[in-house]
Each structure stands twice: as structure tokens, then as C-alpha cells.
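What's in start_16.txt: compact mmCIF, C-alpha atoms and all ligand atoms
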# COMPACT_ATOMS: atom_id res chain seq x y z
CA MET X 1 -11.60 7.14 -29.23
CA SER X 2 -11.06 10.18 -31.42
CA LYS X 3 -8.02 10.99 -33.50
CA GLU X 4 -5.02 11.76 -31.29
CA THR X 5 -4.21 15.02 -33.03
CA GLU X 6 -7.53 16.58 -32.01
CA VAL X 7 -7.25 15.74 -28.34
CA ASP X 8 -6.80 18.30 -25.55
CA TYR X 9 -4.56 16.57 -23.04
CA GLY X 10 -4.39 19.62 -20.75
CA PRO X 11 -1.53 19.28 -18.24
CA LEU X 12 -0.99 15.66 -19.32
CA ALA X 13 0.47 16.87 -22.64
CA ALA X 14 3.69 17.63 -20.73
CA LEU X 15 4.10 13.93 -19.86
CA ILE X 16 3.82 12.32 -23.29
CA GLY X 17 7.06 10.65 -24.40
CA VAL X 18 9.78 8.34 -23.18
CA TRP X 19 11.51 9.34 -19.94
CA GLU X 20 14.62 7.92 -18.31
CA GLY X 21 16.21 8.67 -14.95
CA ASP X 22 18.93 7.16 -12.77
CA LYS X 23 18.72 9.15 -9.55
CA GLY X 24 15.91 7.15 -7.99
CA MET X 25 15.70 6.33 -4.29
CA ASP X 26 13.20 3.84 -2.90
CA ILE X 27 12.56 3.54 0.85
CA ALA X 28 10.73 0.27 1.44
CA PRO X 29 9.71 -1.78 4.48
CA GLU X 30 11.58 -4.74 5.92
CA PRO X 31 10.37 -6.85 8.86
CA ASP X 32 13.16 -5.48 11.05
CA GLY X 33 13.56 -2.00 9.58
CA THR X 34 13.99 -0.16 6.29
CA GLU X 35 15.45 -1.00 2.91
CA GLU X 36 16.99 1.76 0.77
CA ASN X 37 17.22 0.98 -2.93
CA PRO X 38 18.90 3.34 -5.39
CA TYR X 39 17.26 2.79 -8.78
CA TYR X 40 16.95 3.75 -12.43
CA GLU X 41 13.87 3.55 -14.58
CA THR X 42 12.04 4.17 -17.84
CA ILE X 43 8.53 5.60 -17.96
CA ILE X 44 6.71 5.61 -21.30
CA TYR X 45 3.64 7.84 -21.59
CA THR X 46 1.58 7.20 -24.73
CA GLU X 47 -1.30 9.19 -26.19
CA GLY X 48 -4.55 7.31 -25.80
CA GLY X 49 -6.97 9.75 -27.42
CA ASP X 50 -10.20 10.67 -25.70
CA LEU X 51 -13.47 8.99 -24.78
CA LYS X 52 -16.93 9.71 -23.44
CA ASN X 53 -18.40 8.31 -20.23
CA ALA X 54 -22.20 8.00 -19.89
CA ASN X 55 -22.59 10.14 -22.96
CA SER X 56 -21.38 13.28 -21.18
CA GLN X 57 -17.99 13.17 -19.42
CA VAL X 58 -15.06 13.55 -21.83
CA LEU X 59 -11.74 12.15 -20.64
CA SER X 60 -8.47 12.47 -22.50
CA VAL X 61 -6.21 9.55 -21.77
CA VAL X 62 -2.49 8.93 -21.51
CA HIS X 63 -1.34 5.36 -20.93
CA TYR X 64 1.89 4.81 -19.01
CA ARG X 65 4.26 1.96 -18.23
CA GLN X 66 6.95 2.33 -15.59
CA ILE X 67 9.79 -0.16 -15.29
CA VAL X 68 12.12 0.31 -12.33
CA LYS X 69 15.47 -1.47 -11.88
CA ARG X 70 17.70 -1.74 -8.80
CA LYS X 71 21.14 -0.26 -9.34
CA SER X 72 22.68 -3.00 -7.22
CA ASP X 73 21.76 -5.90 -9.54
CA ASP X 74 19.92 -4.37 -12.56
CA GLY X 75 16.86 -6.46 -11.65
CA ILE X 76 13.34 -5.13 -12.21
CA PHE X 77 11.87 -4.57 -8.75
CA HIS X 78 8.86 -2.42 -9.58
CA ASP X 79 6.60 -2.70 -12.63
CA GLN X 80 3.65 -0.35 -12.81
CA THR X 81 1.08 0.57 -15.40
CA GLY X 82 -2.13 2.54 -15.70
CA TYR X 83 -3.62 5.67 -17.18
CA TRP X 84 -3.51 9.35 -16.56
CA MET X 85 -6.85 11.00 -17.38
CA TRP X 86 -7.87 14.62 -17.81
CA ASP X 87 -11.40 15.94 -17.54
CA ALA X 88 -11.03 19.35 -19.17
CA ARG X 89 -14.55 20.53 -18.38
CA GLU X 90 -14.42 19.76 -14.65
CA LYS X 91 -10.65 20.33 -14.34
CA VAL X 92 -10.06 16.98 -12.69
CA ILE X 93 -6.85 15.00 -13.05
CA ILE X 94 -6.82 11.25 -12.38
CA GLN X 95 -4.17 8.51 -12.22
CA SER X 96 -5.09 4.84 -12.17
CA ILE X 97 -2.30 2.60 -10.87
CA VAL X 98 -1.90 -1.13 -11.17
CA ILE X 99 1.00 -2.95 -9.52
CA PRO X 100 1.56 -6.70 -9.54
CA ARG X 101 1.13 -7.03 -5.78
CA ALA X 102 -2.66 -7.21 -6.23
CA VAL X 103 -3.04 -3.53 -5.39
CA CYS X 104 -4.87 -0.92 -7.50
CA VAL X 105 -5.15 2.78 -6.76
CA LEU X 106 -7.42 5.41 -8.29
CA ALA X 107 -5.85 8.73 -7.34
CA GLY X 108 -7.28 12.08 -8.33
CA GLN X 109 -7.53 15.74 -7.55
CA GLN X 110 -9.28 18.89 -8.61
CA TYR X 111 -6.65 20.55 -10.79
CA ILE X 112 -5.55 24.11 -10.15
CA GLU X 113 -2.71 25.20 -12.39
CA LYS X 114 0.47 25.54 -10.32
CA LYS X 115 4.02 26.20 -11.43
CA ASP X 116 7.33 26.26 -9.56
CA ASP X 117 9.71 29.24 -9.69
CA ALA X 118 11.28 27.93 -12.91
CA GLY X 119 7.89 27.74 -14.63
CA ASN X 120 7.58 23.95 -14.46
CA LEU X 121 4.13 22.45 -14.17
CA ILE X 122 3.11 20.78 -10.91
CA ILE X 123 0.74 17.81 -11.11
CA GLU X 124 -0.57 16.24 -7.91
CA VAL X 125 -2.97 13.40 -7.15
CA GLU X 126 -3.84 11.45 -4.03
CA ALA X 127 -5.93 8.56 -2.74
CA ALA X 128 -6.74 7.00 0.61
CA GLU X 129 -8.65 3.94 1.75
CA ASP X 130 -11.16 6.16 3.59
CA ASN X 131 -11.54 8.62 0.68
CA ALA X 132 -14.94 8.02 -0.95
CA ASP X 133 -13.83 9.52 -4.29
CA TRP X 134 -10.22 8.39 -4.76
CA GLY X 135 -9.57 4.99 -3.27
CA ILE X 136 -7.50 1.84 -3.04
CA VAL X 137 -8.47 -1.74 -3.88
CA GLN X 138 -6.26 -4.57 -2.61
CA SER X 139 -6.41 -8.31 -2.21
CA PRO X 140 -7.48 -9.94 1.08
CA TYR X 141 -3.85 -10.95 1.71
CA MET X 142 -2.60 -7.39 1.24
CA GLN X 143 -5.43 -5.95 3.33
CA LYS X 144 -4.33 -8.18 6.16
CA ASN X 145 -0.55 -8.14 5.82
CA ALA X 146 0.70 -5.17 3.79
CA ARG X 147 -2.16 -2.74 3.59
CA THR X 148 -1.84 0.47 1.56
CA THR X 149 -3.71 3.15 3.49
CA SER X 150 -2.93 6.22 1.39
CA PHE X 151 -1.01 7.37 -1.66
CA LYS X 152 0.28 10.80 -2.75
CA HIS X 153 2.04 11.64 -5.99
CA ARG X 154 3.60 14.94 -7.04
CA ILE X 155 5.21 15.52 -10.44
CA VAL X 156 7.11 18.63 -11.52
CA VAL X 157 7.59 18.69 -15.28
CA GLY X 158 8.96 21.09 -17.89
CA ASN X 159 11.90 21.84 -20.22
CA GLY X 160 12.57 18.15 -20.88
CA LYS X 161 12.90 17.27 -17.19
CA MET X 162 10.59 15.60 -14.70
CA THR X 163 10.91 14.98 -10.99
CA TYR X 164 8.40 13.01 -8.97
CA SER X 165 7.86 12.02 -5.40
CA GLU X 166 5.44 9.37 -4.23
CA THR X 167 4.46 8.53 -0.67
CA THR X 168 2.65 5.24 -0.09
CA MET X 169 1.56 4.74 3.52
CA LEU X 170 1.61 1.08 4.51
CA ASP X 171 0.31 -0.84 7.47
CA ILE X 172 2.87 -3.66 7.52
CA TYR X 173 4.77 -5.77 10.09
CA GLY X 174 2.61 -4.31 12.86
CA ARG X 175 3.59 -0.71 12.20
CA VAL X 176 2.88 2.27 9.97
CA PHE X 177 5.52 2.64 7.27
CA GLU X 178 6.14 5.61 4.95
CA HIS X 179 7.19 3.94 1.67
CA THR X 180 8.65 6.63 -0.60
CA ASP X 181 9.96 6.82 -4.15
CA ASP X 182 11.64 9.79 -5.80
CA ASN X 183 13.43 10.27 -9.09
CA GLU X 184 14.53 12.78 -11.70
CA LEU X 185 14.03 11.90 -15.36
CA GLU X 186 14.87 13.33 -18.75
CA LEU X 187 12.76 13.26 -21.88
CA LYS X 188 14.49 10.95 -24.37
CA LEU X 189 11.95 10.70 -27.21
C1 LIG Q 201 9.21 3.52 -7.96
C2 LIG Q 201 8.17 3.01 -7.33
C3 LIG Q 201 8.27 1.87 -6.34
C4 LIG Q 201 9.31 1.04 -6.03
C5 LIG Q 201 10.68 1.04 -6.63
C6 LIG Q 201 8.85 0.14 -5.00
C7 LIG Q 201 9.62 -0.83 -4.40
C8 LIG Q 201 9.24 -1.60 -3.31
C9 LIG Q 201 10.07 -2.50 -2.57
C10 LIG Q 201 11.54 -2.78 -2.82
C11 LIG Q 201 9.32 -3.06 -1.60
C12 LIG Q 201 9.77 -4.09 -0.55
C13 LIG Q 201 9.45 -5.43 -1.13
C14 LIG Q 201 10.07 -6.55 -0.40
O1 LIG Q 201 10.94 -6.36 0.45
O2 LIG Q 201 9.68 -7.67 -0.74
C15 LIG Q 201 8.00 -2.50 -1.74
C16 LIG Q 201 6.94 -2.84 -0.95
C17 LIG Q 201 5.64 -2.45 -1.18
N1 LIG Q 201 5.23 -1.53 -2.11
FE1 LIG Q 201 6.39 -0.53 -3.37
N2 LIG Q 201 7.55 0.42 -4.72
C18 LIG Q 201 7.15 1.47 -5.51
C19 LIG Q 201 5.91 2.04 -5.56
C20 LIG Q 201 4.80 1.53 -4.94
C21 LIG Q 201 3.46 2.00 -5.14
C22 LIG Q 201 3.05 3.13 -6.09
C23 LIG Q 201 2.66 1.23 -4.36
C24 LIG Q 201 1.17 1.24 -4.19
C25 LIG Q 201 0.43 2.26 -4.43
C26 LIG Q 201 3.50 0.30 -3.66
C27 LIG Q 201 3.05 -0.63 -2.78
C28 LIG Q 201 3.86 -1.46 -2.04
C29 LIG Q 201 3.36 -2.35 -1.02
C30 LIG Q 201 1.92 -2.57 -0.65
C31 LIG Q 201 4.49 -2.97 -0.47
C32 LIG Q 201 4.51 -3.97 0.68
C33 LIG Q 201 4.76 -5.35 0.23
C34 LIG Q 201 5.87 -6.03 0.98
O3 LIG Q 201 6.88 -5.40 1.32
O4 LIG Q 201 5.73 -7.20 1.20
N3 LIG Q 201 4.80 0.52 -4.04
N4 LIG Q 201 7.98 -1.63 -2.79
Produce C-alpha cells that represent the structure in this file.
Ligand code: HEM
Amino acid sequence: MSKETEVDYGPLAALIGVWEGDKGMDIAPEPDGTEENPYYETIIYTEGGDLKNANSQVLSVVHYRQIVKRKSDDGIFHDQTGYWMWDAREKVIIQSIVIPRAVCVLAGQQYIEKKDDAGNLIIEVEAAEDNADWGIVQSPYMQKNARTTSFKHRIVVGNGKMTYSETTMLDIYGRVFEHTDDNELELKL
């Protein structure tokens, strides 16, 4: 990987740093209904430099680690890691997601610069099990019992603030469940 100072992170540059937020709301499935979990979290985005694939594609890379705690008992109830990647030449943005439920997601999207009315950057990626480009890999148990069928992630970032919303569609307990997570974070470092 090349020296971090020379790297063009594109829209990912806005993410780099340590973020904290305590306005999280998780809507998760229960066998007999829905669980609502207010939460707080830290997300650390770290510069990872850039690299070349097959001698031609250049990706700049930001590693992230997300630790989410329930407000009710301060216990960690979601631990996620992965990379954000930016292909400056093709204008493609990619997020790889690993969660310790034996589920991995590779979400991506052609990037078109979008800003909200306040000038904040909007970053969006998505994946689905029937999407040939951006897909989901999950264990046999999860495929059978708690299958992730699609994933959408939207981040709005700027002026030291970030909001995100994630929608993970699940096939669980014999029904389709919209598992959502939203939070607002502030840049701390
Ligand atoms: C802030 C982010 C997230 C939080 C706080 C969170 C939290 C939760 C909670 C509390 C459950 C219910 C678990 C239980 O009752 O045992 C759950 C279920 C699940 N989550 Fe998430 N989740 C998040 C993001 C994600 C993402 C990004 C994915 C995958 C792309 C995902 C996949 C799943 C799956 C497959 C289940 C079903 C497992 C089960 O309930 O047995 N979650 N999540």
C-alpha cells in the first residue's frame, strides 16, 4: 500500500476519524414480534492507504470498526468490521461488512456526488442475495433460519456530524422482517 498522505480517498475522506453517537435505535426481530433497542456506539474509520487489483484497478481503503452498546444494560450487542473502498477511476464506492453471526455483505454502488440542503455528503451502498455484483454470503444455518435477503446503507456526513440509516431485510421466523438501525454521531478525533 502507498503512503497514506498521497492517497485520494474521494468521498471516504469525510469518514476518517473516531465517531460517537448516543441516539441510536435498533429494530430487530423476535419470534413473537419486534424488539426496539435504543443504543450508543463508537465507529472508528482508519486510513488504509491504497492498493492495486490485477495490476489495474486502484482502490483506496478505509478500515472501520463499529461497536454498538444497548442503553438498557451497556452490553455490546453489535460488533461490526470491514472496509470502505473507493475506485476513483470508475467512481464506485464499496463497503464490505463482517458481523459475528456468520454473515458477510459486499455492498456497492456507482457513485454520483449528492449533497443534502445543508451541503452534507450523501454516501449510499446496497446489496441483495440476487444481485450478481453486490451480494451476501451467510452460513448454512443463517440461510435456513435467519436469512439476510438485502441490505441498504445511507450515510449523510459533513461539518463534524454523521447520520446513517441501514435496512437489513431478513427472512426469519417464517416472515419477512425489516431490521433497521439509525444513529447520529459526532466526530471526536
Ligand atoms: C447498528 C447495527 C445493528 C444492530 C444494533 C443490530 C442488532 C440486532 C439485534 C438486537 C438482533 C436480534 C438478536 C436476537 O434477538 O438475538 C439482530 C438480529 C439480526 N441482525 Fe442485526 N443489528 C445491526 C446490524 C445488522 C447488519 C448490518 C446485519 C447484516 C447485514 C444484521 C444482521 C442480523 C441478522 C441476520 C439477525 C437475525 C439473527 C437473529 O435474530 O437470530 N444486523 N440484530
Which protein, DNA or RNA residues are at most 9 Å from (13.5, 2.1, -4.2) in the file's coordinates when you count all atoms listed in the file, listed as a JSON list (two decimals) with C-alpha atoms, in the frame of the given file?
[["chain", "number", "residue", "atom", "x", "y", "z"],
["X", 24, "GLY", "CA", 15.91, 7.15, -7.99],
["X", 25, "MET", "CA", 15.70, 6.33, -4.29],
["X", 26, "ASP", "CA", 13.20, 3.84, -2.90],
["X", 27, "ILE", "CA", 12.56, 3.54, 0.85],
["X", 28, "ALA", "CA", 10.73, 0.27, 1.44],
["X", 35, "GLU", "CA", 15.45, -1.00, 2.91],
["X", 36, "GLU", "CA", 16.99, 1.76, 0.77],
["X", 37, "ASN", "CA", 17.22, 0.98, -2.93],
["X", 38, "PRO", "CA", 18.90, 3.34, -5.39],
["X", 39, "TYR", "CA", 17.26, 2.79, -8.78],
["X", 68, "VAL", "CA", 12.12, 0.31, -12.33],
["X", 69, "LYS", "CA", 15.47, -1.47, -11.88],
["X", 70, "ARG", "CA", 17.70, -1.74, -8.80],
["X", 77, "PHE", "CA", 11.87, -4.57, -8.75],
["X", 78, "HIS", "CA", 8.86, -2.42, -9.58],
["X", 179, "HIS", "CA", 7.19, 3.94, 1.67],
["X", 180, "THR", "CA", 8.65, 6.63, -0.60],
["X", 181, "ASP", "CA", 9.96, 6.82, -4.15],
["X", 182, "ASP", "CA", 11.64, 9.79, -5.80]]
Q) Which value, in Å to one decimal, gives the distance between atom CA of X:Arg154 and atom C12 of ligand LIG 201 (chain Q)? A)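 Going from atom CA of X:Arg154 over to atom C12 of ligand LIG 201 (chain Q), I get 21.0 Å.
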Q: Mind giving me the straight-line distance from atom CA of X:Gly49 to atom CA of X:Ile123 in Å, one decimal?
A: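 Result for atom CA of X:Gly49 versus atom CA of X:Ile123: 19.8 Å, one decimal.
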Q.
With only C-alpha atoms as the counted atoms, please give the residues lying no more than 9 Å from X:Arg101, apart from itself and same-chain residues fewer than 5 positions off, as a list in words.
A.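 Skipping anything fewer than 5 positions along the chain leaves Gln138, Ser139 and Met142 of chain X.
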Q) With only C-alpha atoms and all ligand atoms as the atoms that count, which of X:Tyr45, X:Tyr64, X:Trp84, X:Phe177 lies nearest to ligand LIG 201 (chain Q)? A)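 Ranking X:Tyr45, X:Tyr64, X:Trp84, X:Phe177 by distance to ligand LIG 201 (chain Q), first place goes to X:Phe177.
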Dump as JSON lines the rows for residues of stretch 135-174 of chain X within 10 Å of stretch 90-100 of chain X: closest atom pair and distance in Å with one decimal, only C-alpha atoms counted, ordered by chain and rising residue number.
{"residue": "X:Gly135", "atom": "CA", "partner": "X:Ser96", "partner_atom": "CA", "distance": 10.0}
{"residue": "X:Ile136", "atom": "CA", "partner": "X:Ile97", "partner_atom": "CA", "distance": 9.4}
{"residue": "X:Val137", "atom": "CA", "partner": "X:Val98", "partner_atom": "CA", "distance": 9.8}
{"residue": "X:His153", "atom": "CA", "partner": "X:Gln95", "partner_atom": "CA", "distance": 9.3}
Q. What separation in Å, quoted to one decimal, exists between atom C20 of ligand LIG 201 (chain Q) and atom CA of X:Leu51?
A.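 Interatomic distance here is 28.0 Å.
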Completion step: stretch 78-89 of chain X with all heavy atoms as a PDB file, in the frame of the given file:
ATOM      1  N   HIS X  78      10.181  -3.046  -9.611  1.00  0.00           N
ATOM      2  CA  HIS X  78       8.860  -2.420  -9.580  1.00  0.00           C
ATOM      3  C   HIS X  78       8.392  -2.263 -11.026  1.00  0.00           C
ATOM      4  O   HIS X  78       9.129  -1.752 -11.860  1.00  0.00           O
ATOM      5  CB  HIS X  78       8.922  -1.060  -8.876  1.00  0.00           C
ATOM      6  CG  HIS X  78       7.579  -0.409  -8.743  1.00  0.00           C
ATOM      7  ND1 HIS X  78       6.680  -0.789  -7.774  1.00  0.00           N
ATOM      8  CD2 HIS X  78       6.975   0.564  -9.453  1.00  0.00           C
ATOM      9  CE1 HIS X  78       5.582  -0.057  -7.892  1.00  0.00           C
ATOM     10  NE2 HIS X  78       5.733   0.766  -8.909  1.00  0.00           N
ATOM     11  N   ASP X  79       7.167  -2.709 -11.275  1.00  0.00           N
ATOM     12  CA  ASP X  79       6.600  -2.700 -12.630  1.00  0.00           C
ATOM     13  C   ASP X  79       5.183  -2.173 -12.475  1.00  0.00           C
ATOM     14  O   ASP X  79       4.364  -2.799 -11.808  1.00  0.00           O
ATOM     15  CB  ASP X  79       6.630  -4.137 -13.168  1.00  0.00           C
ATOM     16  CG  ASP X  79       6.045  -4.245 -14.571  1.00  0.00           C
ATOM     17  OD1 ASP X  79       5.314  -3.335 -15.002  1.00  0.00           O
ATOM     18  OD2 ASP X  79       6.307  -5.275 -15.218  1.00  0.00           O
ATOM     19  N   GLN X  80       4.934  -1.014 -13.054  1.00  0.00           N
ATOM     20  CA  GLN X  80       3.650  -0.350 -12.810  1.00  0.00           C
ATOM     21  C   GLN X  80       3.042   0.134 -14.127  1.00  0.00           C
ATOM     22  O   GLN X  80       3.759   0.552 -15.020  1.00  0.00           O
ATOM     23  CB  GLN X  80       3.903   0.854 -11.892  1.00  0.00           C
ATOM     24  CG  GLN X  80       2.660   1.593 -11.464  1.00  0.00           C
ATOM     25  CD  GLN X  80       2.998   2.772 -10.567  1.00  0.00           C
ATOM     26  OE1 GLN X  80       3.822   2.657  -9.663  1.00  0.00           O
ATOM     27  NE2 GLN X  80       2.391   3.912 -10.806  1.00  0.00           N
ATOM     28  N   THR X  81       1.734   0.045 -14.214  1.00  0.00           N
ATOM     29  CA  THR X  81       1.080   0.570 -15.400  1.00  0.00           C
ATOM     30  C   THR X  81      -0.245   1.218 -15.013  1.00  0.00           C
ATOM     31  O   THR X  81      -0.692   1.106 -13.871  1.00  0.00           O
ATOM     32  CB  THR X  81       0.891  -0.546 -16.462  1.00  0.00           C
ATOM     33  OG1 THR X  81       0.505   0.063 -17.700  1.00  0.00           O
ATOM     34  CG2 THR X  81      -0.162  -1.556 -16.051  1.00  0.00           C
ATOM     35  N   GLY X  82      -0.847   1.892 -15.964  1.00  0.00           N
ATOM     36  CA  GLY X  82      -2.130   2.540 -15.700  1.00  0.00           C
ATOM     37  C   GLY X  82      -2.362   3.652 -16.691  1.00  0.00           C
ATOM     38  O   GLY X  82      -1.749   3.688 -17.766  1.00  0.00           O
ATOM     39  N   TYR X  83      -3.271   4.536 -16.315  1.00  0.00           N
ATOM     40  CA  TYR X  83      -3.620   5.670 -17.180  1.00  0.00           C
ATOM     41  C   TYR X  83      -3.620   6.947 -16.370  1.00  0.00           C
ATOM     42  O   TYR X  83      -3.986   6.945 -15.190  1.00  0.00           O
ATOM     43  CB  TYR X  83      -5.017   5.485 -17.759  1.00  0.00           C
ATOM     44  CG  TYR X  83      -5.154   4.328 -18.695  1.00  0.00           C
ATOM     45  CD1 TYR X  83      -5.585   3.089 -18.233  1.00  0.00           C
ATOM     46  CD2 TYR X  83      -4.831   4.451 -20.047  1.00  0.00           C
ATOM     47  CE1 TYR X  83      -5.703   2.006 -19.093  1.00  0.00           C
ATOM     48  CE2 TYR X  83      -4.949   3.376 -20.906  1.00  0.00           C
ATOM     49  CZ  TYR X  83      -5.386   2.160 -20.421  1.00  0.00           C
ATOM     50  OH  TYR X  83      -5.487   1.091 -21.276  1.00  0.00           O
ATOM     51  N   TRP X  84      -3.209   8.007 -17.045  1.00  0.00           N
ATOM     52  CA  TRP X  84      -3.510   9.350 -16.560  1.00  0.00           C
ATOM     53  C   TRP X  84      -4.708   9.827 -17.364  1.00  0.00           C
ATOM     54  O   TRP X  84      -4.792   9.569 -18.572  1.00  0.00           O
ATOM     55  CB  TRP X  84      -2.338  10.301 -16.779  1.00  0.00           C
ATOM     56  CG  TRP X  84      -1.250  10.145 -15.767  1.00  0.00           C
ATOM     57  CD1 TRP X  84      -0.188   9.290 -15.844  1.00  0.00           C
ATOM     58  CD2 TRP X  84      -1.130  10.839 -14.524  1.00  0.00           C
ATOM     59  NE1 TRP X  84       0.592   9.431 -14.724  1.00  0.00           N
ATOM     60  CE2 TRP X  84       0.042  10.370 -13.904  1.00  0.00           C
ATOM     61  CE3 TRP X  84      -1.890  11.827 -13.885  1.00  0.00           C
ATOM     62  CZ2 TRP X  84       0.477  10.854 -12.672  1.00  0.00           C
ATOM     63  CZ3 TRP X  84      -1.459  12.298 -12.661  1.00  0.00           C
ATOM     64  CH2 TRP X  84      -0.291  11.813 -12.050  1.00  0.00           C
ATOM     65  N   MET X  85      -5.642  10.520 -16.707  1.00  0.00           N
ATOM     66  CA  MET X  85      -6.850  11.000 -17.380  1.00  0.00           C
ATOM     67  C   MET X  85      -7.102  12.450 -17.023  1.00  0.00           C
ATOM     68  O   MET X  85      -6.839  12.866 -15.888  1.00  0.00           O
ATOM     69  CB  MET X  85      -8.042  10.124 -16.950  1.00  0.00           C
ATOM     70  CG  MET X  85      -7.955   8.717 -17.530  1.00  0.00           C
ATOM     71  SD  MET X  85      -8.751   7.482 -16.457  1.00  0.00           S
ATOM     72  CE  MET X  85      -7.495   7.175 -15.235  1.00  0.00           C
ATOM     73  N   TRP X  86      -7.630  13.183 -17.996  1.00  0.00           N
ATOM     74  CA  TRP X  86      -7.870  14.620 -17.810  1.00  0.00           C
ATOM     75  C   TRP X  86      -9.300  14.929 -18.224  1.00  0.00           C
ATOM     76  O   TRP X  86      -9.713  14.625 -19.341  1.00  0.00           O
ATOM     77  CB  TRP X  86      -6.874  15.412 -18.661  1.00  0.00           C
ATOM     78  CG  TRP X  86      -7.137  16.876 -18.800  1.00  0.00           C
ATOM     79  CD1 TRP X  86      -7.356  17.545 -19.968  1.00  0.00           C
ATOM     80  CD2 TRP X  86      -7.170  17.867 -17.765  1.00  0.00           C
ATOM     81  NE1 TRP X  86      -7.531  18.889 -19.717  1.00  0.00           N
ATOM     82  CE2 TRP X  86      -7.429  19.103 -18.380  1.00  0.00           C
ATOM     83  CE3 TRP X  86      -7.021  17.809 -16.369  1.00  0.00           C
ATOM     84  CZ2 TRP X  86      -7.528  20.285 -17.642  1.00  0.00           C
ATOM     85  CZ3 TRP X  86      -7.129  18.991 -15.642  1.00  0.00           C
ATOM     86  CH2 TRP X  86      -7.374  20.207 -16.273  1.00  0.00           C
ATOM     87  N   ASP X  87     -10.048  15.473 -17.272  1.00  0.00           N
ATOM     88  CA  ASP X  87     -11.400  15.940 -17.540  1.00  0.00           C
ATOM     89  C   ASP X  87     -11.320  17.458 -17.670  1.00  0.00           C
ATOM     90  O   ASP X  87     -11.253  18.175 -16.671  1.00  0.00           O
ATOM     91  CB  ASP X  87     -12.308  15.516 -16.362  1.00  0.00           C
ATOM     92  CG  ASP X  87     -13.745  15.984 -16.534  1.00  0.00           C
ATOM     93  OD1 ASP X  87     -13.982  16.958 -17.291  1.00  0.00           O
ATOM     94  OD2 ASP X  87     -14.625  15.391 -15.888  1.00  0.00           O
ATOM     95  N   ALA X  88     -11.277  17.927 -18.924  1.00  0.00           N
ATOM     96  CA  ALA X  88     -11.030  19.350 -19.170  1.00  0.00           C
ATOM     97  C   ALA X  88     -12.179  20.221 -18.669  1.00  0.00           C
ATOM     98  O   ALA X  88     -11.959  21.337 -18.192  1.00  0.00           O
ATOM     99  CB  ALA X  88     -10.798  19.582 -20.657  1.00  0.00           C
ATOM    100  N   ARG X  89     -13.397  19.714 -18.781  1.00  0.00           N
ATOM    101  CA  ARG X  89     -14.550  20.530 -18.380  1.00  0.00           C
ATOM    102  C   ARG X  89     -14.592  20.746 -16.865  1.00  0.00           C
ATOM    103  O   ARG X  89     -14.775  21.848 -16.386  1.00  0.00           O
ATOM    104  CB  ARG X  89     -15.851  19.898 -18.860  1.00  0.00           C
ATOM    105  CG  ARG X  89     -17.015  20.869 -18.771  1.00  0.00           C
ATOM    106  CD  ARG X  89     -18.229  20.343 -19.468  1.00  0.00           C
ATOM    107  NE  ARG X  89     -18.552  19.012 -19.002  1.00  0.00           N
ATOM    108  CZ  ARG X  89     -19.343  18.154 -19.640  1.00  0.00           C
ATOM    109  NH1 ARG X  89     -19.868  18.486 -20.805  1.00  0.00           N
ATOM    110  NH2 ARG X  89     -19.611  16.968 -19.152  1.00  0.00           N
TER     111      ARG X  89
END
